[in-house]
file coords_28.txt (compact mmCIF, C-alpha atoms)
# COMPACT_ATOMS: atom_id res chain seq x y z
CA MET A 406 27.69 -123.10 97.11
CA PRO A 407 28.01 -119.85 99.15
CA ASP A 408 26.92 -120.01 102.76
CA ASP A 409 24.02 -117.62 102.23
CA ALA A 410 22.50 -119.59 99.33
CA PRO A 411 19.10 -121.10 100.10
CA ALA A 412 19.38 -124.71 101.19
CA HIS A 413 16.65 -125.70 98.77
CA THR A 414 15.61 -124.11 95.50
CA PRO A 415 12.10 -125.17 94.51
CA ALA A 416 11.58 -126.63 91.05
CA THR A 417 10.25 -124.30 88.35
CA HIS A 418 6.67 -125.50 88.60
CA ASP A 419 6.61 -125.33 92.41
CA LEU A 420 5.30 -121.78 92.56
CA GLY A 421 3.64 -121.62 95.98
CA GLY A 422 4.98 -118.47 97.67
CA ALA A 423 7.55 -117.80 94.91
CA SER A 424 9.11 -114.34 95.51
CA ARG A 425 9.47 -113.72 91.78
CA PHE A 426 5.70 -113.18 91.47
CA ARG A 427 5.15 -111.50 94.83
CA CYS A 428 4.28 -108.14 93.28
CA THR A 429 2.69 -109.38 90.06
CA PRO A 430 -1.02 -108.54 89.86
CA ILE A 431 -3.23 -111.42 88.82
CA ASP A 432 -4.38 -111.13 85.23
CA PRO A 433 -8.17 -111.13 85.64
CA ASP A 434 -8.63 -112.86 82.27
CA ASP A 435 -11.26 -115.52 82.80
CA SER A 436 -11.93 -116.47 79.21
CA PRO A 437 -12.22 -120.18 78.45
CA PRO A 438 -9.39 -121.86 76.53
CA ASP A 439 -9.06 -120.97 72.85
CA ASP A 440 -9.61 -123.59 70.13
CA PHE A 441 -5.97 -124.68 70.32
CA GLY A 442 -6.25 -125.26 74.07
CA LYS A 443 -9.52 -127.15 73.79
CA ARG A 444 -8.07 -129.37 71.09
CA VAL A 445 -4.95 -130.18 73.14
CA ASP A 446 -7.18 -130.92 76.12
CA ALA A 447 -9.41 -133.25 74.05
CA VAL A 448 -6.37 -135.14 72.72
CA ARG A 449 -5.03 -135.48 76.27
CA GLN A 450 -8.37 -136.89 77.50
CA LEU A 451 -8.55 -139.39 74.63
CA LEU A 452 -4.99 -140.62 75.20
CA ALA A 453 -5.78 -141.06 78.91
CA GLN A 454 -8.99 -142.91 78.07
CA LYS A 455 -7.05 -145.21 75.74
CA LYS A 456 -4.53 -145.88 78.54
CA LEU A 457 -1.64 -144.34 76.62
CA MET A 458 -0.84 -141.78 79.32
CA THR A 459 -1.81 -140.67 82.82
CA VAL A 460 -2.17 -137.28 84.52
CA ASP A 461 1.00 -137.96 86.48
CA GLU A 462 2.92 -138.59 83.27
CA LEU A 463 1.52 -135.34 81.84
CA ARG A 464 2.79 -133.56 84.95
CA ARG A 465 6.22 -135.16 84.73
CA GLY A 466 6.52 -133.95 81.14
CA ILE A 467 5.42 -130.41 82.04
CA GLU A 468 7.72 -130.26 85.03
CA ALA A 469 10.67 -131.33 82.86
CA ILE A 470 10.39 -128.19 80.68
CA PRO A 471 13.37 -125.87 81.41
CA ALA A 472 12.52 -122.77 83.48
CA GLU A 473 12.71 -120.06 80.82
CA GLU A 474 10.68 -122.06 78.32
CA TYR A 475 8.19 -122.99 81.03
CA HIS A 476 7.31 -119.33 81.58
CA ALA A 477 7.47 -118.42 77.87
CA LEU A 478 5.11 -121.16 76.69
CA GLY A 479 1.35 -120.86 77.06
CA TYR A 480 -0.45 -123.24 79.38
CA TYR A 481 -1.71 -125.64 76.69
CA GLU A 482 1.56 -125.31 74.79
CA ARG A 483 3.23 -126.85 77.86
CA TRP A 484 0.67 -129.66 77.80
CA LEU A 485 1.31 -130.27 74.11
CA ARG A 486 5.08 -130.42 74.65
CA SER A 487 4.58 -132.97 77.40
CA ILE A 488 2.11 -135.09 75.41
CA ALA A 489 4.36 -135.14 72.33
CA SER A 490 7.40 -136.13 74.44
CA LEU A 491 5.44 -138.91 76.13
CA MET A 492 4.19 -140.33 72.83
CA LEU A 493 7.78 -140.37 71.50
CA GLU A 494 9.19 -141.83 74.72
CA LYS A 495 6.64 -144.66 74.65
CA GLY A 496 7.27 -145.33 70.97
CA VAL A 497 3.61 -144.67 70.12
CA ILE A 498 4.78 -142.39 67.32
CA ALA A 499 8.16 -141.86 65.64
CA PRO A 500 10.29 -138.67 65.83
CA GLU A 501 10.12 -138.10 62.07
CA GLU A 502 6.33 -137.83 62.27
CA LEU A 503 6.68 -134.63 64.31
CA ARG A 504 9.38 -133.03 62.16
CA MET B 100 -4.74 -111.91 78.18
CA ALA B 101 -3.55 -115.41 77.39
CA ALA B 102 -1.30 -115.16 74.35
CA PRO B 103 -2.33 -117.14 71.27
CA PRO B 104 -0.29 -120.29 70.63
CA ARG B 105 2.87 -119.86 68.58
CA PRO B 106 2.69 -121.09 64.97
CA GLU B 107 5.19 -123.88 65.73
CA SER B 108 2.90 -125.16 68.49
CA VAL B 109 -0.12 -125.21 66.19
CA GLU B 110 1.99 -127.10 63.66
CA LEU B 111 3.21 -129.58 66.29
CA LEU B 112 -0.38 -130.25 67.39
CA GLU B 113 -1.50 -130.97 63.85
CA LYS B 114 1.46 -133.30 63.24
CA LEU B 115 0.75 -135.11 66.49
CA VAL B 116 -2.95 -135.53 65.65
CA ALA B 117 -2.06 -136.71 62.13
CA ALA B 118 0.42 -139.28 63.50
CA LEU B 119 -2.06 -140.56 66.09
CA SER B 120 -4.85 -140.71 63.49
CA ALA B 121 -2.62 -142.55 61.00
CA ARG B 122 -2.04 -145.22 63.65
CA GLY B 123 -5.75 -145.53 64.34
CA ILE B 124 -5.36 -144.21 67.90
CA LEU B 125 -7.88 -141.40 67.57
CA THR B 126 -10.12 -139.69 65.03
CA GLU B 127 -11.29 -136.13 64.42
CA GLU B 128 -14.81 -137.26 65.36
CA GLU B 129 -13.59 -138.46 68.76
CA ILE B 130 -11.75 -135.18 69.35
CA ALA B 131 -14.88 -133.18 68.50
CA GLU B 132 -17.02 -135.38 70.76
CA ARG B 133 -14.59 -135.06 73.72
CA GLN B 134 -14.49 -131.30 73.24
CA ALA B 135 -18.30 -131.07 73.22
CA ILE B 136 -18.55 -133.10 76.43
CA THR B 137 -15.90 -130.94 78.13
CA ASP B 138 -17.61 -127.74 76.97
CA ARG B 139 -20.82 -128.81 78.70
CA ALA B 140 -19.28 -128.86 82.21
CA SER B 141 -19.78 -125.46 83.87
CA PRO B 142 -19.82 -123.76 87.29
CA GLU B 143 -23.62 -123.94 87.18
CA THR B 144 -23.27 -127.50 88.46
CA GLY B 145 -21.24 -126.43 91.49
CA ALA B 146 -23.70 -123.57 92.07
CA ARG B 147 -26.66 -125.99 92.08
CA MET B 148 -24.85 -128.18 94.61
CA VAL B 149 -24.26 -125.20 96.92
CA ALA B 150 -27.86 -123.98 96.61
CA LYS B 151 -29.15 -127.44 97.47
CA ALA B 152 -26.80 -127.66 100.47
CA TRP B 153 -28.16 -124.29 101.69
CA THR B 154 -31.73 -125.61 101.71
CA ASP B 155 -31.40 -129.34 102.41
CA PRO B 156 -29.49 -130.37 105.56
CA ALA B 157 -29.19 -134.02 104.46
CA TYR B 158 -27.62 -132.96 101.15
CA ARG B 159 -25.31 -130.56 103.00
CA ALA B 160 -24.09 -133.43 105.16
CA LEU B 161 -23.49 -135.58 102.08
CA LEU B 162 -21.69 -132.73 100.27
CA LEU B 163 -19.30 -132.21 103.18
CA SER B 164 -18.63 -135.89 103.80
CA ASP B 165 -18.41 -137.13 100.19
CA GLY B 166 -18.28 -134.47 97.48
CA THR B 167 -18.01 -137.10 94.75
CA ALA B 168 -21.26 -138.78 95.83
CA ALA B 169 -22.94 -135.37 96.16
CA ALA B 170 -21.94 -134.50 92.58
CA GLU B 171 -23.22 -137.83 91.33
CA ALA B 172 -26.51 -137.18 93.14
CA MET B 173 -26.86 -134.12 90.88
CA GLY B 174 -26.36 -136.24 87.77
CA VAL B 175 -22.65 -135.54 87.23
CA THR B 176 -20.52 -138.42 85.94
CA MET B 177 -17.56 -138.63 88.29
CA ALA B 178 -16.14 -141.95 87.05
CA GLY B 179 -12.47 -141.44 86.26
CA ALA B 180 -12.38 -138.03 87.97
CA PRO B 181 -10.32 -137.56 91.15
CA PRO B 182 -12.28 -137.36 94.43
CA LEU B 183 -13.99 -134.05 95.20
CA GLY B 184 -13.64 -132.44 98.62
CA VAL B 185 -15.87 -129.57 99.76
CA LEU B 186 -14.65 -126.89 102.19
CA GLU B 187 -17.27 -125.36 104.49
CA ASP B 188 -16.96 -121.63 105.16
CA THR B 189 -18.05 -120.45 108.62
CA PRO B 190 -18.38 -117.00 110.24
CA THR B 191 -14.76 -117.35 111.40
CA ARG B 192 -13.13 -119.29 108.57
CA HIS B 193 -12.97 -118.63 104.83
CA HIS B 194 -11.45 -121.03 102.30
CA LEU B 195 -9.45 -120.29 99.15
CA VAL B 196 -8.48 -122.98 96.62
CA VAL B 197 -5.30 -122.92 94.55
CA CYS B 198 -3.08 -125.41 92.75
CA THR B 199 0.46 -124.18 93.39
CA LEU B 200 2.08 -126.91 91.29
CA CYS B 201 -0.07 -126.50 88.18
CA SER B 202 -3.81 -126.13 87.68
CA CYS B 203 -5.75 -128.97 89.33
CA TYR B 204 -9.38 -127.92 89.44
CA PRO B 205 -12.70 -129.73 89.98
CA ARG B 206 -13.53 -129.66 86.29
CA ALA B 207 -16.46 -132.06 86.54
CA VAL B 208 -18.42 -129.52 88.59
CA LEU B 209 -16.80 -126.20 87.57
CA GLY B 210 -15.78 -126.66 83.93
CA TYR B 211 -12.47 -125.43 82.48
CA PRO B 212 -10.27 -123.55 84.95
CA PRO B 213 -10.11 -119.83 84.10
CA HIS B 214 -6.83 -118.41 82.81
CA TRP B 215 -6.03 -116.60 86.07
CA TYR B 216 -6.29 -119.80 88.13
CA LYS B 217 -3.42 -121.25 86.07
CA SER B 218 -1.29 -118.08 86.19
CA ALA B 219 2.06 -117.97 87.97
CA ALA B 220 0.97 -114.91 89.98
CA TYR B 221 -2.14 -116.59 91.42
CA ARG B 222 -0.28 -119.83 92.19
CA ALA B 223 2.60 -117.99 93.86
CA ARG B 224 0.59 -115.42 95.82
CA ALA B 225 -2.50 -117.33 96.98
CA VAL B 226 -0.48 -119.08 99.70
CA ARG B 227 1.70 -116.10 100.59
CA ASP B 228 -0.73 -113.18 100.53
CA PRO B 229 -4.27 -114.53 100.33
CA ARG B 230 -5.84 -111.30 101.63
CA GLY B 231 -4.00 -109.33 98.95
CA VAL B 232 -5.23 -111.77 96.31
CA LEU B 233 -8.83 -111.53 97.56
CA ALA B 234 -8.59 -107.73 97.50
CA GLU B 235 -7.93 -107.89 93.76
CA TRP B 236 -11.41 -109.39 93.43
CA GLY B 237 -12.83 -106.69 95.71
CA THR B 238 -13.22 -109.26 98.49
CA HIS B 239 -12.33 -107.82 101.90
CA LEU B 240 -12.72 -110.01 104.97
CA PRO B 241 -12.42 -108.75 108.54
CA ASP B 242 -9.28 -109.80 110.41
CA SER B 243 -11.47 -111.92 112.67
CA VAL B 244 -12.06 -114.27 109.74
CA GLU B 245 -9.23 -116.73 109.30
CA ILE B 246 -8.33 -117.67 105.71
CA ARG B 247 -7.44 -121.29 105.07
CA VAL B 248 -5.76 -121.87 101.70
CA VAL B 249 -6.13 -125.37 100.30
CA ASP B 250 -3.80 -126.72 97.62
CA SER B 251 -5.50 -128.96 95.03
CA THR B 252 -3.54 -131.87 93.66
CA ALA B 253 -3.71 -134.27 90.75
CA ASP B 254 -5.33 -136.77 93.11
CA TYR B 255 -7.79 -134.59 95.04
CA ARG B 256 -9.87 -131.59 93.94
CA TRP B 257 -11.57 -128.98 96.10
CA MET B 258 -14.45 -126.53 95.92
CA VAL B 259 -15.80 -124.12 98.52
CA LEU B 260 -19.22 -124.19 100.18
CA PRO B 261 -19.67 -120.46 100.89
CA MET B 262 -22.03 -119.15 103.56
CA ARG B 263 -25.56 -118.33 102.49
CA PRO B 264 -25.86 -114.54 102.50
CA ALA B 265 -28.46 -112.72 104.60
CA GLY B 266 -31.44 -111.48 102.63
CA THR B 267 -32.00 -114.75 100.78
CA GLU B 268 -34.63 -116.17 103.14
CA GLY B 269 -37.40 -117.98 101.30
CA TRP B 270 -35.52 -118.05 97.98
CA SER B 271 -35.90 -121.07 95.68
CA GLU B 272 -32.90 -123.27 95.00
CA GLU B 273 -32.77 -121.93 91.46
CA ARG B 274 -32.62 -118.33 92.63
CA LEU B 275 -30.00 -119.18 95.24
CA ALA B 276 -27.87 -120.94 92.61
CA SER B 277 -27.95 -117.78 90.48
CA ILE B 278 -25.82 -115.86 93.03
CA VAL B 279 -23.18 -118.61 93.40
CA THR B 280 -20.47 -117.69 90.92
CA ARG B 281 -17.45 -119.67 89.85
CA ASP B 282 -15.29 -117.19 91.77
CA ALA B 283 -17.28 -117.92 94.95
CA LEU B 284 -16.74 -121.68 94.42
CA VAL B 285 -12.97 -121.12 94.25
CA GLY B 286 -13.09 -118.72 97.21
CA VAL B 287 -11.88 -115.46 95.63
CA ALA B 288 -15.34 -113.90 95.95
CA LEU B 289 -18.45 -114.23 98.12
CA PRO B 290 -22.03 -114.76 96.92
CA ARG B 291 -23.77 -111.39 96.85
CA VAL B 292 -27.42 -110.45 96.92
CA PRO B 293 -27.92 -108.11 93.97
call {"tool": "encode", "arguments": {"input": "coords_28.txt", "output": "structure tokens"}}
result
Amino acid sequence: MPDDAPAHTPATHDLGGASRFRCTPIDPDDSPPDDFGKRVDAVRQLLAQKKLMTVDELRRGIEAIPAEEYHALGYYERWLRSIASLMLEKGVIAPEELR
Amino acid sequence: MAAPPRPESVELLEKLVAALSARGILTEEEIAERQAITDRASPETGARMVAKAWTDPAYRALLLSDGTAAAEAMGVTMAGAPPLGVLEDTPTRHHLVVCTLCSCYPRAVLGYPPHWYKSAAYRARAVRDPRGVLAEWGTHLPDSVEIRVVDSTADYRWMVLPMRPAGTEGWSEERLASIVTRDALVGVALPRVP
């Protein structure tokens, strides 16, 4: 690593103060989630209620998405990716069911 | 604007729901019911809490010491929700809430987080340039007012108790609540007398 490289590069999701967005205006969109988002959210709540996943597991799955995909995917698309990975990882569903 | 989901995401969601339904884990009825419950939560609840705190010193004390209990006192079900903290604005200190890591938000009292709260730009800039962020909402605070930015987490959620504006003397709680917007509860705007 060159001497002038930062000692610590924050993870993709760790956006507090990130220079990349320093000059990006905030999109004033304050619409509620679309039907897709609400449906993902409802599934997430039900799986939590049924003790099949926790918020921390959801976060782990979101934070594991590679940087470029993280920024390309919509907010609830990231949730869905995390939920699907968790359900596969726990053996709740089988990979062929999502193909 | 938030982009619509990609077709492959919509397809993945339907396959996931089908797989979970086939295993008896959830049903379409349960999904619809959960969605209806979630749709009912709105910033009007947070606004009612603020209006009550402006008129009732005992409730104000409860709100600042135990936001969860104060929400429950207004009929909100907080079981299963993370604790709620309430940040008291003063003439010399303003609060702004962000979730730099994702989107943690006091949904039980404010409803769904708006798109901008979850955006990379808001998350990145709220802690670096809070005055610049506030300016985008037309909120300009004098330099004598310190801005304290508070980062919400998966385990603790925050909302702001703004100051009651001048010109609202004698107003009913209901009328006071009508000027407390979601943006004021997050701290990007101030309650304004129309």
call {"tool": "interface_residues", "arguments": {"input": "coords_28.txt", "of": "chain A", "to": "chain B", "cutoff": "6 Å", "atoms": "all atoms listed in the file", "output": "list in words"}}
result
His418, Asp419, Leu420, Gly421, Gly422, Ala423, Phe426, Thr429, Ile431, Asp432, Pro433, Asp434, Asp435, Ala447 and Leu503 of chain A
call {"tool": "atom_distance", "arguments": {"input": "coords_28.txt", "atom1": "atom CA of Gly174 of chain B", "atom2": "atom CA of Leu463 of chain A"}}
result
28.5 Å
call {"tool": "atom_distance", "arguments": {"input": "coords_28.txt", "atom1": "atom CA of Ser271 of chain B", "atom2": "atom CA of Pro156 of chain B"}}
result
15.0 Å
call {"tool": "closest_residue", "arguments": {"input": "coords_28.txt", "among": "A:Glu502, A:Asp461, A:Glu473, A:Glu494", "to": "Cys203 of chain B", "atoms": "only C-alpha atoms"}}
result
A:Asp461
call {"tool": "atom_distance", "arguments": {"input": "coords_28.txt", "atom1": "atom CA of Arg230 of chain B", "atom2": "atom CA of Pro264 of chain B"}}
result
20.3 Å
call {"tool": "residues_around", "arguments": {"input": "coords_28.txt", "residues": "segment 272-279 of chain B", "least_positions_apart": "3", "cutoff": "6 Å", "atoms": "only C-alpha atoms", "output": "number ranges by chain"}}
result
B: 146-147, 150, 290
call {"tool": "closest_residue", "arguments": {"input": "coords_28.txt", "among": "B:Met258, B:Ile246, B:Ala234, B:Met177", "to": "Leu163 of chain B", "atoms": "only C-alpha atoms"}}
result
B:Met258
call {"tool": "closest_residue", "arguments": {"input": "coords_28.txt", "among": "A:Pro500, A:Ala489, A:Pro430, A:Lys495", "to": "Val448 of chain A", "atoms": "only C-alpha atoms"}}
result
A:Ala489
call {"tool": "residues_around", "arguments": {"input": "coords_28.txt", "residues": "Thr189 of chain B", "least_positions_apart": "5", "cutoff": "9 Å", "atoms": "all atoms listed in the file", "output": "PyMOL selection string"}}
result
chain B and resi 244+261-262
call {"tool": "residues_around", "arguments": {"input": "coords_28.txt", "residues": "Arg256 of chain B", "least_positions_apart": "4", "cutoff": "6 Å", "atoms": "all atoms listed in the file", "output": "PyMOL selection string"}}
result
chain B and resi 183+204-205+251
call {"tool": "closest_residue", "arguments": {"input": "coords_28.txt", "among": "A:Ala416, A:Met492, A:Leu457, A:Cys428", "to": "Ala469 of chain A", "atoms": "all atoms listed in the file"}}
result
A:Ala416
call {"tool": "decode", "arguments": {"input": "coords_28.txt", "residues": "segment 155-192 of chain B", "atoms": "N, CA and C atoms", "output": "JSON list (two decimals), in the first residue's frame"}}
result
[["chain", "number", "residue", "atom", "x", "y", "z"],
["B", 155, "ASP", "N", -48.02, 20.31, 28.06],
["B", 155, "ASP", "CA", -48.16, 19.52, 29.29],
["B", 155, "ASP", "C", -46.76, 19.19, 29.83],
["B", 156, "PRO", "N", -46.32, 19.94, 30.86],
["B", 156, "PRO", "CA", -44.95, 19.76, 31.36],
["B", 156, "PRO", "C", -44.66, 18.32, 31.83],
["B", 157, "ALA", "N", -45.65, 17.66, 32.41],
["B", 157, "ALA", "CA", -45.41, 16.29, 32.89],
["B", 157, "ALA", "C", -45.15, 15.36, 31.70],
["B", 158, "TYR", "N", -45.93, 15.56, 30.61],
["B", 158, "TYR", "CA", -45.72, 14.73, 29.42],
["B", 158, "TYR", "C", -44.37, 15.05, 28.78],
["B", 159, "ARG", "N", -44.00, 16.32, 28.79],
["B", 159, "ARG", "CA", -42.70, 16.71, 28.24],
["B", 159, "ARG", "C", -41.57, 15.99, 28.97],
["B", 160, "ALA", "N", -41.69, 15.94, 30.30],
["B", 160, "ALA", "CA", -40.65, 15.27, 31.10],
["B", 160, "ALA", "C", -40.60, 13.78, 30.75],
["B", 161, "LEU", "N", -41.77, 13.17, 30.59],
["B", 161, "LEU", "CA", -41.81, 11.74, 30.22],
["B", 161, "LEU", "C", -41.19, 11.53, 28.84],
["B", 162, "LEU", "N", -41.57, 12.40, 27.89],
["B", 162, "LEU", "CA", -41.08, 12.27, 26.51],
["B", 162, "LEU", "C", -39.56, 12.31, 26.47],
["B", 163, "LEU", "N", -38.97, 13.22, 27.26],
["B", 163, "LEU", "CA", -37.52, 13.38, 27.22],
["B", 163, "LEU", "C", -36.80, 12.29, 28.00],
["B", 164, "SER", "N", -37.47, 11.71, 28.99],
["B", 164, "SER", "CA", -36.78, 10.69, 29.78],
["B", 164, "SER", "C", -37.02, 9.29, 29.23],
["B", 165, "ASP", "N", -38.17, 9.06, 28.60],
["B", 165, "ASP", "CA", -38.49, 7.71, 28.11],
["B", 165, "ASP", "C", -39.45, 7.84, 26.91],
["B", 166, "GLY", "N", -38.87, 8.01, 25.74],
["B", 166, "GLY", "CA", -39.67, 8.21, 24.53],
["B", 166, "GLY", "C", -40.60, 7.03, 24.26],
["B", 167, "THR", "N", -40.14, 5.83, 24.55],
["B", 167, "THR", "CA", -40.96, 4.64, 24.32],
["B", 167, "THR", "C", -42.23, 4.71, 25.16],
["B", 168, "ALA", "N", -42.08, 5.03, 26.45],
["B", 168, "ALA", "CA", -43.25, 5.13, 27.33],
["B", 168, "ALA", "C", -44.17, 6.26, 26.87],
["B", 169, "ALA", "N", -43.57, 7.36, 26.41],
["B", 169, "ALA", "CA", -44.37, 8.50, 25.95],
["B", 169, "ALA", "C", -45.18, 8.13, 24.70],
["B", 170, "ALA", "N", -44.59, 7.32, 23.82],
["B", 170, "ALA", "CA", -45.32, 6.86, 22.63],
["B", 170, "ALA", "C", -46.46, 5.94, 23.05],
["B", 171, "GLU", "N", -46.16, 5.05, 23.97],
["B", 171, "GLU", "CA", -47.20, 4.12, 24.44],
["B", 171, "GLU", "C", -48.35, 4.87, 25.10],
["B", 172, "ALA", "N", -48.02, 5.97, 25.78],
["B", 172, "ALA", "CA", -49.06, 6.78, 26.43],
["B", 172, "ALA", "C", -50.00, 7.39, 25.39],
["B", 173, "MET", "N", -49.54, 7.49, 24.14],
["B", 173, "MET", "CA", -50.39, 8.01, 23.06],
["B", 173, "MET", "C", -51.07, 6.88, 22.30],
["B", 174, "GLY", "N", -50.96, 5.66, 22.82],
["B", 174, "GLY", "CA", -51.65, 4.54, 22.19],
["B", 174, "GLY", "C", -50.86, 3.80, 21.13],
["B", 175, "VAL", "N", -49.56, 4.09, 21.02],
["B", 175, "VAL", "CA", -48.73, 3.43, 20.01],
["B", 175, "VAL", "C", -48.20, 2.11, 20.59],
["B", 176, "THR", "N", -48.26, 1.04, 19.81],
["B", 176, "THR", "CA", -47.69, -0.23, 20.24],
["B", 176, "THR", "C", -46.19, -0.21, 19.97],
["B", 177, "MET", "N", -45.40, -0.25, 21.03],
["B", 177, "MET", "CA", -43.95, -0.18, 20.86],
["B", 177, "MET", "C", -43.28, -1.54, 21.09],
["B", 178, "ALA", "N", -44.08, -2.57, 21.42],
["B", 178, "ALA", "CA", -43.51, -3.89, 21.67],
["B", 178, "ALA", "C", -42.77, -4.36, 20.42],
["B", 179, "GLY", "N", -41.53, -4.78, 20.59],
["B", 179, "GLY", "CA", -40.75, -5.26, 19.46],
["B", 179, "GLY", "C", -40.00, -4.15, 18.73],
["B", 180, "ALA", "N", -40.37, -2.89, 18.99],
["B", 180, "ALA", "CA", -39.66, -1.78, 18.34],
["B", 180, "ALA", "C", -38.46, -1.39, 19.22],
["B", 181, "PRO", "N", -37.38, -0.88, 18.60],
["B", 181, "PRO", "CA", -36.23, -0.44, 19.40],
["B", 181, "PRO", "C", -36.64, 0.77, 20.25],
["B", 182, "PRO", "N", -35.88, 1.05, 21.33],
["B", 182, "PRO", "CA", -36.22, 2.20, 22.17],
["B", 182, "PRO", "C", -36.21, 3.50, 21.37],
["B", 183, "LEU", "N", -37.05, 4.44, 21.81],
["B", 183, "LEU", "CA", -37.15, 5.75, 21.16],
["B", 183, "LEU", "C", -36.55, 6.81, 22.07],
["B", 184, "GLY", "N", -35.59, 7.55, 21.54],
["B", 184, "GLY", "CA", -35.02, 8.69, 22.26],
["B", 184, "GLY", "C", -35.54, 9.97, 21.64],
["B", 185, "VAL", "N", -35.71, 11.01, 22.47],
["B", 185, "VAL", "CA", -36.23, 12.29, 21.98],
["B", 185, "VAL", "C", -35.22, 13.39, 22.31],
["B", 186, "LEU", "N", -34.87, 14.19, 21.29],
["B", 186, "LEU", "CA", -33.82, 15.21, 21.40],
["B", 186, "LEU", "C", -34.46, 16.58, 21.51],
["B", 187, "GLU", "N", -34.15, 17.28, 22.60],
["B", 187, "GLU", "CA", -34.81, 18.56, 22.90],
["B", 187, "GLU", "C", -34.05, 19.75, 22.31],
["B", 188, "ASP", "N", -34.67, 20.42, 21.33],
["B", 188, "ASP", "CA", -34.05, 21.64, 20.80],
["B", 188, "ASP", "C", -34.16, 22.76, 21.83],
["B", 189, "THR", "N", -33.15, 23.64, 21.84],
["B", 189, "THR", "CA", -33.16, 24.80, 22.73],
["B", 189, "THR", "C", -32.78, 26.02, 21.89],
["B", 190, "PRO", "N", -32.84, 27.23, 22.49],
["B", 190, "PRO", "CA", -32.46, 28.42, 21.69],
["B", 190, "PRO", "C", -31.02, 28.35, 21.20],
["B", 191, "THR", "N", -30.19, 27.52, 21.80],
["B", 191, "THR", "CA", -28.78, 27.47, 21.36],
["B", 191, "THR", "C", -28.37, 26.12, 20.76],
["B", 192, "ARG", "N", -29.28, 25.18, 20.71],
["B", 192, "ARG", "CA", -28.92, 23.88, 20.14],
["B", 192, "ARG", "C", -30.07, 23.27, 19.33]]
